[in-house]
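Colleague: Next comes work.csv, CSV, C-alpha atoms:
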```csv
chain,number,residue,atom,x,y,z
A,1,MET,CA,112.7,109.4,66.4
A,2,PRO,CA,113.5,112.5,68.5
A,3,THR,CA,110.9,115.2,68.5
A,4,THR,CA,111.6,118.9,68.3
A,5,ALA,CA,111.1,119.2,72.1
A,6,ASP,CA,113.7,116.4,72.6
A,7,CYS,CA,116.2,118.4,70.6
A,8,ALA,CA,115.6,121.7,72.3
A,9,VAL,CA,118.6,123.2,74.1
A,10,THR,CA,118.8,126.1,76.6
A,11,LEU,CA,121.7,128.5,75.9
A,12,PRO,CA,123.7,129.4,78.9
A,13,VAL,CA,123.8,133.1,77.8
A,14,SER,CA,121.6,135.6,76.1
A,15,THR,CA,121.9,135.5,72.3
A,16,THR,CA,122.4,139.3,72.3
A,17,LEU,CA,125.8,138.7,73.9
A,18,LEU,CA,126.9,136.7,70.9
A,19,ARG,CA,126.2,139.3,68.2
A,20,GLY,CA,129.3,140.5,66.4
A,21,ARG,CA,131.5,137.8,67.8
A,22,THR,CA,133.7,135.4,65.8
A,23,ALA,CA,132.9,131.7,65.6
A,24,ALA,CA,135.9,131.1,68.0
A,25,GLN,CA,134.6,133.6,70.5
A,26,ILE,CA,131.0,132.2,70.4
A,27,ALA,CA,132.4,128.7,70.8
A,28,GLU,CA,134.3,129.8,73.9
A,29,VAL,CA,131.2,131.5,75.4
A,30,LEU,CA,129.0,128.5,74.7
A,31,GLY,CA,131.6,125.8,75.6
A,32,ILE,CA,131.3,124.0,72.2
A,33,ASP,CA,133.7,123.4,69.3
A,34,ALA,CA,134.4,126.3,67.0
A,35,SER,CA,133.9,124.2,63.9
A,36,THR,CA,130.4,123.2,65.1
A,37,VAL,CA,129.5,126.8,65.6
A,38,GLN,CA,130.8,127.7,62.1
A,39,HIS,CA,128.9,124.8,60.5
A,40,ILE,CA,125.6,125.8,62.2
A,41,GLN,CA,126.1,129.4,61.1
A,42,LYS,CA,126.9,128.3,57.6
A,43,SER,CA,123.9,126.0,57.4
A,44,LEU,CA,121.5,128.7,58.7
A,45,GLY,CA,123.1,131.3,56.5
A,46,LEU,CA,122.5,129.2,53.4
A,47,ILE,CA,118.9,128.6,54.3
A,48,VAL,CA,118.2,132.3,54.8
A,49,ASP,CA,120.1,133.3,51.7
A,50,PHE,CA,118.3,130.7,49.6
A,51,ALA,CA,114.9,131.8,50.9
A,52,ALA,CA,115.7,135.4,50.3
A,53,ALA,CA,116.8,134.6,46.7
A,54,LYS,CA,113.5,132.9,46.1
A,55,GLY,CA,111.6,135.9,47.5
A,56,VAL,CA,110.6,134.3,50.8
A,57,THR,CA,110.2,137.0,53.5
A,58,GLY,CA,111.7,136.7,57.0
A,59,THR,CA,108.2,136.3,58.4
A,60,ALA,CA,107.3,133.5,55.9
A,61,LEU,CA,110.6,131.8,56.7
A,62,ALA,CA,109.8,131.9,60.4
A,63,GLU,CA,106.5,130.3,59.7
A,64,LEU,CA,108.1,127.5,57.7
A,65,ALA,CA,110.8,127.0,60.3
A,66,GLY,CA,108.4,126.6,63.2
A,67,ASP,CA,108.0,128.3,66.6
A,68,GLU,CA,111.3,127.1,68.0
A,69,ILE,CA,113.3,129.2,65.6
A,70,ARG,CA,110.9,132.0,65.1
A,71,ARG,CA,112.5,134.2,67.8
A,72,VAL,CA,116.0,133.7,66.3
A,73,ILE,CA,114.8,135.0,62.9
A,74,GLU,CA,112.3,137.7,63.9
A,75,SER,CA,114.2,139.2,66.9
A,76,PRO,CA,117.0,140.8,64.8
A,77,LEU,CA,114.3,142.2,62.4
A,78,ALA,CA,112.4,143.7,65.4
A,79,GLU,CA,115.6,145.3,66.7
A,80,GLY,CA,116.5,147.0,63.5
A,81,TYR,CA,118.9,144.5,62.0
A,82,ALA,CA,119.0,143.8,58.3
A,83,THR,CA,116.3,141.6,56.9
A,84,PRO,CA,117.4,138.4,55.0
A,85,GLU,CA,116.7,140.3,51.8
A,86,GLU,CA,118.8,143.2,52.8
A,87,GLY,CA,121.5,140.9,54.1
A,88,LEU,CA,121.6,139.1,50.7
A,89,ALA,CA,121.7,142.5,48.9
A,90,LEU,CA,124.6,143.6,51.0
A,91,LEU,CA,126.5,140.4,50.4
A,92,MET,CA,126.0,140.8,46.7
A,93,GLU,CA,127.6,144.2,46.9
A,94,GLU,CA,130.7,143.2,48.8
A,95,GLU,CA,134.1,143.7,47.1
A,96,GLY,CA,132.7,145.7,44.2
A,97,GLY,CA,129.4,143.9,43.7
A,98,CYS,CA,128.3,142.1,40.5
A,99,GLY,CA,128.1,142.8,36.8
A,100,ASP,CA,126.4,141.2,33.8
A,101,VAL,CA,127.9,138.8,31.3
A,102,GLU,CA,129.1,141.6,29.0
A,103,GLU,CA,131.1,143.2,31.8
A,104,ALA,CA,132.5,139.9,32.9
A,105,ALA,CA,133.7,139.3,29.4
A,106,ARG,CA,135.7,142.5,29.5
A,107,LEU,CA,137.0,141.8,33.0
A,108,TYR,CA,138.1,138.3,32.1
A,109,ARG,CA,140.4,139.2,29.3
A,110,LYS,CA,142.3,142.5,29.1
A,111,PRO,CA,142.8,144.5,26.9
A,112,ARG,CA,140.8,142.3,24.4
A,113,PRO,CA,137.7,140.8,25.9
A,114,VAL,CA,136.4,137.3,25.3
A,115,THR,CA,132.8,136.8,24.0
A,116,ALA,CA,129.8,136.8,26.2
A,117,ALA,CA,129.2,133.2,25.0
A,118,ALA,CA,132.6,132.2,26.3
A,119,ILE,CA,131.8,133.6,29.7
A,120,THR,CA,128.4,131.8,29.7
A,121,GLU,CA,130.1,128.6,28.9
A,122,ARG,CA,132.6,129.0,31.8
A,123,ILE,CA,129.7,129.7,34.1
A,124,ARG,CA,128.0,126.4,32.9
A,125,LYS,CA,131.3,124.6,33.6
A,126,ARG,CA,131.4,126.2,37.0
A,127,ASP,CA,134.7,127.8,36.4
A,128,VAL,CA,133.2,131.3,36.9
A,129,ILE,CA,131.0,132.2,39.9
A,130,ALA,CA,127.6,133.6,39.0
A,131,TYR,CA,123.9,133.4,40.1
A,132,ARG,CA,120.7,133.8,38.2
A,133,THR,CA,118.2,136.6,39.1
A,134,GLY,CA,114.5,136.1,39.1
A,135,GLY,CA,114.6,137.3,35.5
A,136,LYS,CA,117.1,134.5,34.6
A,137,GLN,CA,119.9,136.9,34.0
A,138,TYR,CA,123.4,136.1,35.3
A,139,ARG,CA,124.9,138.3,37.9
A,140,ILE,CA,128.7,137.8,38.1
A,141,PRO,CA,130.8,139.0,41.1
A,142,ARG,CA,133.6,141.3,40.0
A,143,TRP,CA,135.9,140.2,42.9
A,144,GLN,CA,136.8,136.9,41.3
A,145,PHE,CA,138.6,138.6,38.4
A,146,ARG,CA,142.3,139.7,38.5
A,147,LYS,CA,143.2,143.2,37.4
A,148,GLU,CA,145.3,141.8,34.7
A,149,GLY,CA,142.5,139.6,33.4
A,150,GLY,CA,141.4,136.0,34.2
A,151,VAL,CA,140.1,134.7,37.4
A,152,LEU,CA,142.0,134.4,40.7
A,153,PRO,CA,144.5,131.5,40.6
A,154,GLY,CA,143.1,128.4,42.2
A,155,LEU,CA,139.5,129.6,42.1
A,156,SER,CA,138.3,126.5,40.2
A,157,SER,CA,140.1,124.2,42.7
A,158,VAL,CA,138.3,125.9,45.6
A,159,LEU,CA,134.9,125.7,43.8
A,160,GLU,CA,135.5,122.1,43.0
A,161,GLN,CA,136.2,121.3,46.7
A,162,LEU,CA,133.2,123.3,47.8
A,163,ARG,CA,130.9,121.3,45.6
A,164,LYS,CA,132.4,118.1,46.9
A,165,SER,CA,132.2,119.1,50.6
A,166,ASP,CA,128.9,121.0,50.8
A,167,THR,CA,125.9,118.8,49.8
A,168,SER,CA,123.7,121.9,50.0
A,169,TYR,CA,125.8,123.8,47.5
A,170,ASN,CA,124.0,126.3,45.3
A,171,ASP,CA,124.7,129.5,43.4
A,172,LEU,CA,124.9,131.5,46.6
A,173,THR,CA,127.4,129.2,48.4
A,174,PRO,CA,130.5,130.8,46.9
A,175,PHE,CA,129.4,134.2,48.1
A,176,THR,CA,128.8,133.1,51.7
A,177,PHE,CA,132.1,131.1,51.7
A,178,PHE,CA,134.5,133.6,50.1
A,179,LEU,CA,133.1,136.8,51.6
A,180,GLN,CA,132.7,135.8,55.3
A,181,PRO,CA,135.5,135.3,57.8
A,182,HIS,CA,136.5,131.6,58.3
A,183,VAL,CA,138.2,130.0,61.3
A,184,LEU,CA,140.6,128.1,59.0
A,185,THR,CA,141.8,131.3,57.3
A,186,GLN,CA,142.6,132.9,60.7
A,187,GLY,CA,139.3,134.8,60.9
A,188,ARG,CA,139.9,136.5,57.6
A,189,THR,CA,137.8,135.9,54.5
A,190,PRO,CA,138.9,133.1,52.1
A,191,LEU,CA,138.8,135.7,49.3
A,192,GLU,CA,141.6,137.8,51.1
A,193,VAL,CA,143.7,134.7,51.6
A,194,LEU,CA,143.2,133.4,48.0
A,195,ARG,CA,144.3,136.8,46.7
A,196,GLU,CA,147.5,136.5,48.7
A,197,GLY,CA,148.2,133.2,47.1
A,198,ASP,CA,147.6,130.8,50.0
A,199,LEU,CA,145.5,128.3,48.0
A,200,GLU,CA,146.2,125.5,50.4
A,201,ALA,CA,144.6,127.3,53.3
A,202,VAL,CA,141.5,128.2,51.3
A,203,VAL,CA,141.0,124.6,49.9
A,204,ARG,CA,141.4,123.4,53.5
A,205,ALA,CA,138.6,125.8,54.6
A,206,ALA,CA,136.4,124.6,51.7
A,207,LYS,CA,137.0,121.0,52.6
A,208,SER,CA,135.7,121.8,56.1
A,209,GLU,CA,132.4,122.9,54.8
A,210,GLU,CA,130.9,119.4,54.9
A,211,ALA,CA,127.2,119.4,55.3
```
Could you write out this file's structure as C-alpha coordinates?

Modeller:
Amino acid sequence: MPTTADCAVTLPVSTTLLRGRTAAQIAEVLGIDASTVQHIQKSLGLIVDFAAAKGVTGTALAELAGDEIRRVIESPLAEGYATPEEGLALLMEEEGGCGDVEEAARLYRKPRPVTAAAITERIRKRDVIAYRTGGKQYRIPRWQFRKEGGVLPGLSSVLEQLRKSDTSYNDLTPFTFFLQPHVLTQGRTPLEVLREGDLEAVVRAAKSEEA
(Lines of atoms letter the chains of each structure in order from A and count residues from 1; the text may use other names and numbers.)
(Lines give C-alpha, C1' and ligand atoms only; values in the text may rest on other atoms or scores of the structure.)
Protein backbone atom coordinates (compact mmCIF):
# COMPACT_ATOMS: atom_id res chain seq x y z
CA MET A 1 0.00 0.00 0.00
CA PRO A 2 1.41 3.45 -0.89
CA THR A 3 2.67 5.53 2.02
CA THR A 4 2.12 9.25 2.47
CA ALA A 5 5.61 9.83 1.15
CA ASP A 6 4.85 7.77 -1.97
CA CYS A 7 1.85 10.00 -2.68
CA ALA A 8 3.66 13.29 -2.12
CA VAL A 9 3.76 15.67 -5.08
CA THR A 10 5.79 18.79 -5.78
CA LEU A 11 3.79 21.65 -7.22
CA PRO A 12 5.45 23.43 -10.15
CA VAL A 13 4.41 26.83 -8.82
CA SER A 14 3.94 28.51 -5.46
CA THR A 15 0.48 28.01 -3.99
CA THR A 16 0.28 31.77 -3.43
CA LEU A 17 -0.01 32.19 -7.21
CA LEU A 18 -3.18 30.10 -7.23
CA ARG A 19 -5.22 32.08 -4.71
CA GLY A 20 -8.25 33.77 -6.20
CA ARG A 21 -8.12 31.78 -9.45
CA THR A 22 -10.93 29.69 -10.89
CA ALA A 23 -10.67 25.91 -11.16
CA ALA A 24 -10.03 26.23 -14.90
CA GLN A 25 -7.21 28.75 -14.33
CA ILE A 26 -5.61 26.60 -11.63
CA ALA A 27 -5.84 23.55 -13.90
CA GLU A 28 -4.06 25.44 -16.67
CA VAL A 29 -1.27 26.56 -14.35
CA LEU A 30 -0.76 23.09 -12.88
CA GLY A 31 -1.30 21.21 -16.14
CA ILE A 32 -4.09 18.99 -14.83
CA ASP A 33 -7.76 18.48 -15.62
CA ALA A 34 -10.16 21.19 -14.36
CA SER A 35 -12.64 18.60 -13.07
CA THR A 36 -9.86 17.07 -10.96
CA VAL A 37 -9.02 20.45 -9.46
CA GLN A 38 -12.66 21.08 -8.70
CA HIS A 39 -13.12 17.66 -7.10
CA ILE A 40 -10.09 18.17 -4.85
CA GLN A 41 -11.32 21.64 -3.86
CA LYS A 42 -14.78 20.28 -3.17
CA SER A 43 -13.48 17.39 -1.06
CA LEU A 44 -11.15 19.60 0.98
CA GLY A 45 -13.87 22.21 1.38
CA LEU A 46 -16.31 19.65 2.76
CA ILE A 47 -13.72 18.41 5.23
CA VAL A 48 -12.99 21.91 6.50
CA ASP A 49 -16.69 22.86 6.61
CA PHE A 50 -17.62 19.68 8.47
CA ALA A 51 -14.80 20.19 10.96
CA ALA A 52 -15.80 23.81 11.53
CA ALA A 53 -19.44 22.84 12.05
CA LYS A 54 -18.31 20.36 14.71
CA GLY A 55 -16.21 23.00 16.49
CA VAL A 56 -12.83 21.71 15.30
CA THR A 57 -10.32 24.56 15.07
CA GLY A 58 -7.95 25.02 12.16
CA THR A 59 -5.01 24.01 14.34
CA ALA A 60 -6.74 20.84 15.54
CA LEU A 61 -7.68 19.98 11.96
CA ALA A 62 -4.06 20.41 10.93
CA GLU A 63 -3.00 18.01 13.68
CA LEU A 64 -5.54 15.46 12.50
CA ALA A 65 -4.57 15.84 8.86
CA GLY A 66 -0.86 15.37 9.46
CA ASP A 67 2.30 17.28 8.68
CA GLU A 68 1.95 17.08 4.89
CA ILE A 69 -1.20 19.17 4.82
CA ARG A 70 -0.44 21.34 7.85
CA ARG A 71 1.11 24.11 5.74
CA VAL A 72 -1.89 24.20 3.41
CA ILE A 73 -4.28 24.75 6.32
CA GLU A 74 -2.20 26.96 8.59
CA SER A 75 -0.55 29.23 6.01
CA PRO A 76 -3.74 31.12 5.07
CA LEU A 77 -4.48 31.59 8.78
CA ALA A 78 -1.04 33.05 9.41
CA GLU A 79 -1.41 35.42 6.46
CA GLY A 80 -4.70 36.86 7.65
CA TYR A 81 -7.13 34.80 5.62
CA ALA A 82 -10.43 33.63 7.10
CA THR A 83 -10.30 30.71 9.51
CA PRO A 84 -12.46 27.68 8.70
CA GLU A 85 -14.97 28.88 11.28
CA GLU A 86 -15.08 32.35 9.71
CA GLY A 87 -15.30 30.86 6.24
CA LEU A 88 -18.27 28.74 7.24
CA ALA A 89 -19.96 31.74 8.86
CA LEU A 90 -19.48 33.78 5.70
CA LEU A 91 -20.93 31.00 3.58
CA MET A 92 -23.95 30.76 5.84
CA GLU A 93 -24.57 34.48 5.34
CA GLU A 94 -24.39 34.39 1.54
CA GLU A 95 -27.52 35.37 -0.42
CA GLY A 96 -29.42 36.65 2.59
CA GLY A 97 -28.26 34.15 5.18
CA CYS A 98 -30.45 31.74 7.14
CA GLY A 99 -33.59 31.92 9.23
CA ASP A 100 -35.42 29.65 11.65
CA VAL A 101 -38.31 27.29 10.99
CA GLU A 102 -40.96 29.94 11.71
CA GLU A 103 -39.47 32.35 9.18
CA ALA A 104 -39.12 29.57 6.61
CA ALA A 105 -42.81 28.79 7.05
CA ARG A 106 -43.64 32.38 6.12
CA LEU A 107 -41.27 32.41 3.16
CA TYR A 108 -42.52 29.11 1.84
CA ARG A 109 -46.13 30.14 1.45
CA LYS A 110 -47.24 33.71 0.77
CA PRO A 111 -49.37 35.46 1.84
CA ARG A 112 -50.60 32.62 4.07
CA PRO A 113 -47.77 30.65 5.72
CA VAL A 114 -47.66 26.91 6.19
CA THR A 115 -47.06 25.54 9.67
CA ALA A 116 -43.63 25.09 11.21
CA ALA A 117 -44.41 21.39 11.42
CA ALA A 118 -44.95 21.27 7.65
CA ILE A 119 -41.56 22.88 7.03
CA THR A 120 -39.89 20.48 9.46
CA GLU A 121 -41.44 17.57 7.59
CA ARG A 122 -40.12 18.91 4.27
CA ILE A 123 -36.66 19.20 5.83
CA ARG A 124 -36.85 15.58 6.95
CA LYS A 125 -37.88 14.58 3.43
CA ARG A 126 -34.91 16.60 2.14
CA ASP A 127 -37.05 18.85 -0.02
CA VAL A 128 -35.93 21.93 1.92
CA ILE A 129 -32.27 22.72 2.66
CA ALA A 130 -31.39 23.12 6.33
CA TYR A 131 -28.66 22.32 8.83
CA ARG A 132 -28.73 21.80 12.58
CA THR A 133 -26.78 24.02 14.93
CA GLY A 134 -24.98 22.77 18.01
CA GLY A 135 -28.21 23.45 19.89
CA LYS A 136 -30.09 21.17 17.47
CA GLN A 137 -32.02 24.08 15.99
CA TYR A 138 -32.63 24.21 12.25
CA ARG A 139 -31.07 27.06 10.25
CA ILE A 140 -32.69 27.36 6.84
CA PRO A 141 -31.18 29.38 3.94
CA ARG A 142 -33.47 32.09 2.65
CA TRP A 143 -32.07 31.88 -0.88
CA GLN A 144 -33.87 28.63 -1.70
CA PHE A 145 -37.30 30.31 -1.52
CA ARG A 146 -38.97 32.21 -4.35
CA LYS A 147 -40.35 35.70 -3.73
CA GLU A 148 -43.82 34.47 -4.63
CA GLY A 149 -43.54 31.51 -2.26
CA GLY A 150 -42.34 27.94 -2.52
CA VAL A 151 -38.81 26.80 -3.27
CA LEU A 152 -36.91 27.29 -6.51
CA PRO A 153 -38.22 25.07 -9.32
CA GLY A 154 -36.08 21.97 -9.70
CA LEU A 155 -34.44 22.30 -6.28
CA SER A 156 -35.53 18.85 -5.14
CA SER A 157 -34.18 17.29 -8.37
CA VAL A 158 -30.78 18.89 -7.82
CA LEU A 159 -30.67 17.79 -4.17
CA GLU A 160 -31.61 14.25 -5.17
CA GLN A 161 -28.79 14.16 -7.72
CA LEU A 162 -26.31 15.56 -5.19
CA ARG A 163 -27.19 12.84 -2.72
CA LYS A 164 -26.66 10.20 -5.41
CA SER A 165 -23.38 11.65 -6.66
CA ASP A 166 -21.63 12.77 -3.50
CA THR A 167 -21.03 9.91 -1.09
CA SER A 168 -19.81 12.43 1.51
CA TYR A 169 -23.09 14.37 1.34
CA ASN A 170 -24.05 16.11 4.57
CA ASP A 171 -26.13 19.10 5.66
CA LEU A 172 -23.44 21.52 4.46
CA THR A 173 -23.08 20.03 0.97
CA PRO A 174 -25.91 22.11 -0.60
CA PHE A 175 -24.28 25.31 0.69
CA THR A 176 -20.88 24.55 -0.82
CA PHE A 177 -22.48 23.36 -4.06
CA PHE A 178 -25.04 26.10 -4.69
CA LEU A 179 -23.02 29.09 -3.47
CA GLN A 180 -19.65 28.49 -5.11
CA PRO A 181 -18.77 28.92 -8.81
CA HIS A 182 -18.84 25.68 -10.77
CA VAL A 183 -17.04 24.86 -14.01
CA LEU A 184 -20.19 23.25 -15.47
CA THR A 185 -22.21 26.39 -14.87
CA GLN A 186 -19.66 28.50 -16.73
CA GLY A 187 -17.90 29.70 -13.59
CA ARG A 188 -21.13 31.00 -12.08
CA THR A 189 -22.81 29.63 -8.98
CA PRO A 190 -25.38 26.87 -9.52
CA LEU A 191 -27.82 29.01 -7.53
CA GLU A 192 -27.62 31.81 -10.12
CA VAL A 193 -28.17 29.36 -12.95
CA LEU A 194 -31.06 27.60 -11.22
CA ARG A 195 -32.76 30.95 -10.64
CA GLU A 196 -32.57 31.56 -14.37
CA GLY A 197 -34.32 28.28 -15.03
CA ASP A 198 -31.47 26.21 -16.47
CA LEU A 199 -32.19 23.12 -14.38
CA GLU A 200 -30.41 20.81 -16.82
CA ALA A 201 -27.08 22.59 -16.36
CA VAL A 202 -27.37 22.54 -12.56
CA VAL A 203 -28.30 18.84 -12.46
CA ARG A 204 -25.35 18.12 -14.74
CA ALA A 205 -23.08 20.01 -12.31
CA ALA A 206 -24.55 18.05 -9.39
CA LYS A 207 -23.95 14.80 -11.22
CA SER A 208 -20.28 15.69 -11.61
CA GLU A 209 -19.85 15.86 -7.83
CA GLU A 210 -18.99 12.19 -7.59
CA ALA A 211 -16.84 11.48 -4.56

Colleague: May I ask for the distance between atom CA of A:His39 and atom CA of A:Arg142, given in Å to one decimal place?

Modeller: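 Computing the Euclidean distance for atom CA of A:His39 and atom CA of A:Arg142 yields 26.7 Å.
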
Colleague: Leaving out A:Asp100 and any residue of its chain fewer than 2 positions from it, which residues lie within 8 Å of it when counting all atoms listed in the file, given as a ChimeraX atom specification?

Modeller: /A:98,102-104,137-140

Colleague: For A:Glu192, work out the shell of residues within 12 Å, counting all atoms listed in the file and skipping chain neighbours fewer than 5 positions away, then give it as a PyMOL selection string.

Modeller: chain A and resi 95+143-144+152+177-182+185-187+197-199+201-202

Colleague: If we count only C-alpha atoms and set the cut-off at 8 Å, which residues sit around stretch 203-206 of chain A, ignoring sequence neighbours fewer than 6 positions away in its own chain? Please answer as a list in words.

Modeller: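 So the residues in contact are Ser157, Val158, Gln161, Leu162, Ser165, Phe177, His182, Val183, Leu184, Thr185 and Pro190 of chain A.
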
Colleague: Write a file of the selected residues as an mmCIF file, keeping the file's coordinate frame, keeping C-alpha atoms.

Modeller:
```
data_model
loop_
_atom_site.group_PDB
_atom_site.id
_atom_site.type_symbol
_atom_site.label_atom_id
_atom_site.label_comp_id
_atom_site.auth_asym_id
_atom_site.auth_seq_id
_atom_site.Cartn_x
_atom_site.Cartn_y
_atom_site.Cartn_z
ATOM 1 C CA SER A 157 140.100 124.200 42.700
ATOM 2 C CA VAL A 158 138.300 125.900 45.600
ATOM 3 C CA GLN A 161 136.200 121.300 46.700
ATOM 4 C CA LEU A 162 133.200 123.300 47.800
ATOM 5 C CA SER A 165 132.200 119.100 50.600
ATOM 6 C CA PHE A 177 132.100 131.100 51.700
ATOM 7 C CA HIS A 182 136.500 131.600 58.300
ATOM 8 C CA VAL A 183 138.200 130.000 61.300
ATOM 9 C CA LEU A 184 140.600 128.100 59.000
ATOM 10 C CA THR A 185 141.800 131.300 57.300
ATOM 11 C CA PRO A 190 138.900 133.100 52.100
#
```

Colleague: Interatomic distance between atom CA of A:Glu196 and atom CA of A:Arg109?

Modeller: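 Those two atoms sit 20.8 Å apart.
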
Colleague: Quick one: pull the distance between atom CA of A:Asp171 and atom CA of A:Tyr131, Å, one decimal.

Modeller: 5.2 Å

Colleague: With a distance cut-off of 6 Å and only C-alpha atoms, select the neighbouring residues of stretch 111-126 of chain A, excluding the residue or stretch itself and same-chain residues fewer than 5 positions from it, and output the selection as a ChimeraX atom specification.

Modeller: /A:101-102,105-106

Colleague: For A:Tyr108, which residue among A:Ala52, A:Leu91, A:Val151, A:Val128 is the nearest when counting only C-alpha atoms?

Modeller: A:Val151
